[in-house]
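Heads up: the structure comes next, in structure tokens.
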2 protein chains.
Amino acid sequence: MIISPERLRALTEGLVAALGTPADLAQIVAEGLVEANLAGHDSHGVLRLPWYARQIRDGRIRPAARPELLSVSGATARVDGHLGWGPPAAWLATEAALDRARACGVGAATLLRGNHIGRVGAYVERLARAGMVGMALCNASPAVAPFGGTGRLLGTNPFAMAAPGDPPMVLDFATSAVAEGKLRVAVAAGQQVGPGLLRDAAGRPTQDPRDFYAGGALETFGLHKGSGMSVMIELLARGLAGVDHTAPEPGGFNGTLILALDVGSFVPPELFMAAAERLAAQVAARPPIEGVGRVLLPGEPEQLVRKQRLAEGIPLAEPIWAELCQLALELGVAV
Amino acid sequence: MIISPERLRALTEGLVAALGTPADLAQIVAEGLVEANLAGHDSHGVLRLPWYARQIRDGRIRPAARPELLSVSGATARVDGHLGWGPPAAWLATEAALDRARACGVGAATLLRGNHIGRVGAYVERLARAGMVGMALCNASPAVAPFGGTGRLLGTNPFAMAAPGDPPMVLDFATSAVAEGKLRVAVAAGQQVGPGLLRDAAGRPTQDPRDFYAGGALETFGLHKGSGMSVMIELLARGLAGVDHTAPEPGGFNGTLILALDVGSFVPPELFMAAAERLAAQVAARPPIEGVGRVLLPGEPEQLVRKQRLAEGIPLAEPIWAELCQLALELGVAV
């Protein structure tokens, strides 16, 4: 099933609106989901819609809630998502960080009660396109064991950085060794996964993705280094956002920290851009190892997929399309 | 050879001073080196002294140069190390970031012409002990291949984060898969190293550490994710500090970015501390996997070694001690 970005965006917007979301917020949510699909990050694309719909029915996401800028002071800003959709809240925090960085050279915004904010790379890329170095980190629901330990304690805790350039370099990754979405795909296909990605409920290494759903846990990427990042992100994202760990509300578990550094407050922007271009050229010029066509820059895989999908349409697996059609039927939205 | 921290500090201070360093700067440099040894990071401890001495003779480090606060504006500050010793310059940048964060809630300081700043964890730990979330990143001389590529392009580009707590969590790692210092040790001992750490000059995986010194390159940690971090750090550290890539001076290759976020500007500090304590307890309480005694927190390995070495003294390999004695002889310093 191949669908055009325009059609997928219209359908998604219709579905999100039919779930009780005001039109302006529905547009933001739909844009983010389709952009994730365009970037090749299908795990953060429209396949999330049935999951979001369930969270709305469970009262975890309040679709009509609007995020609020709680405070602005010096280089800092704080946003409360009021348990609404994540993306509008994260965009508000991104714009607040940008605004503070324009005023002070650096800006930092936190978000609490923000639910799932979607693909984190989108926010830092926005900052990079505004002449800022962007950085973002957020915690997520427990799914990952710390290095050397067993059981689910940490989230997949993504980390993202972006810098101005043409195009901007955009780094965005989960600190888990693998995305949970990939395990779902492997289970559905009856396949094993690679080694070093997960452990079973007893803490033994396994390549059977079903073991994750039977009480297992994901490993972090990068051994003790990635695990340390995940622990720090867990603390910073929740701690600075002020997530109340003693009485976590559904939907209020996640915290986000977004940082913006105005390049021009440190160096002439053209000097930074020249450094970015030079490094990009140096990376691209490295002779590749055997089996690799070309060394890619942070964000380049996404750019390549985006170009292709803009031209050829977005491929959707049949089960995902069927789920969207089912949801449309339930909500009375024309497909 | 076991030496007391006091004796090693006095000897190091004497050596650094004899290299032409003013007494106050020599004290800062010696303190940093001995603290690295105390933390178990011998690769950043006194074994660096002969290497530093060579850089002084080569004119790369100017031992009497004093770092200068170039500018302070809003949340930002810029420090020029004037090609002097790295640690005093990095401490000045750390204090500038702290000062800016006290004023604005967030502070960011860059350092250029700073030479080798030593163990990065020390600076972010200082910020954490002052109630700040600290973050630091810096680039280093080319030694690492980007993921999928061959040859030396990136530095070992360390990344560090710390957060207030009792004790603070301190994360500090090189984005290379292994420290170059460990290869040196393996070569000297005639040993192989583990898989996945380095490639030879032709880009083939190898476990022979001598291949690194024959034109090979280190791999990054964490596959494409760690490589992306290394590329971003290379760009941010140099780009924001304003390292002139077109005419790099010896000693002026490295850039550093230090960030401080004042916890109290976001949330009541006691709330953050409670979150830190709770997470630390949760991590420590995870049942370990087979073969692991206990799950450790970021910074805990260093705390354990420090406690032991404060009590029992600092072990130094005989060749390192011999090199220090030789340097002392050359400089007329009593051992």
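By convention here, the chains of the structure tokens are called A, B, ... in the order presented, each chain's residues are numbered starting at 1, and ligands are numbered starting at 1 in the order presented.
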Using only C-alpha atoms, which residues sit within 8 Å of range 129-134 of chain A once same-chain residues fewer than 3 positions away are excluded, as an MDAnalysis selection string?
(chainID A and resid 98 123:126 160:165 168 258:264 269) or (chainID B and resid 236)
Output as a ChimeraX atom specification the set of chain A residues within 6 Å of chain B, with distances taken over only C-alpha atoms.
/A:74-75,104-106,148-150,203,221-222,228,239-240,242,266-267,272,286-289,295,298
Which of range 68-219 of chain A DSSP labels strand (DSSP E or B), written as an MDAnalysis selection string
chainID A and resid 68:73 76:80 106:112 132:138 144 149 154 158:163 169:174 176 198:199 205:206 217:218
Min atom-atom distance to Gly155 in chain A from the set A:Leu111, A:Asp200, A:Ser230, A:Arg7, counting only C-alpha atoms, belongs to A:Ser230
From a backbone DSSP assignment, name each residue in range 158-321 of chain B labelled helix (DSSP H, G or I), as a PyMOL selection string.
chain B and resi 180-189+210-213+223-241+263-265+269-284+300-312+318-321
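We find CA of Gln55 in chain B and CA of Asp211 in chain B to be spaced 24.7 Å apart.
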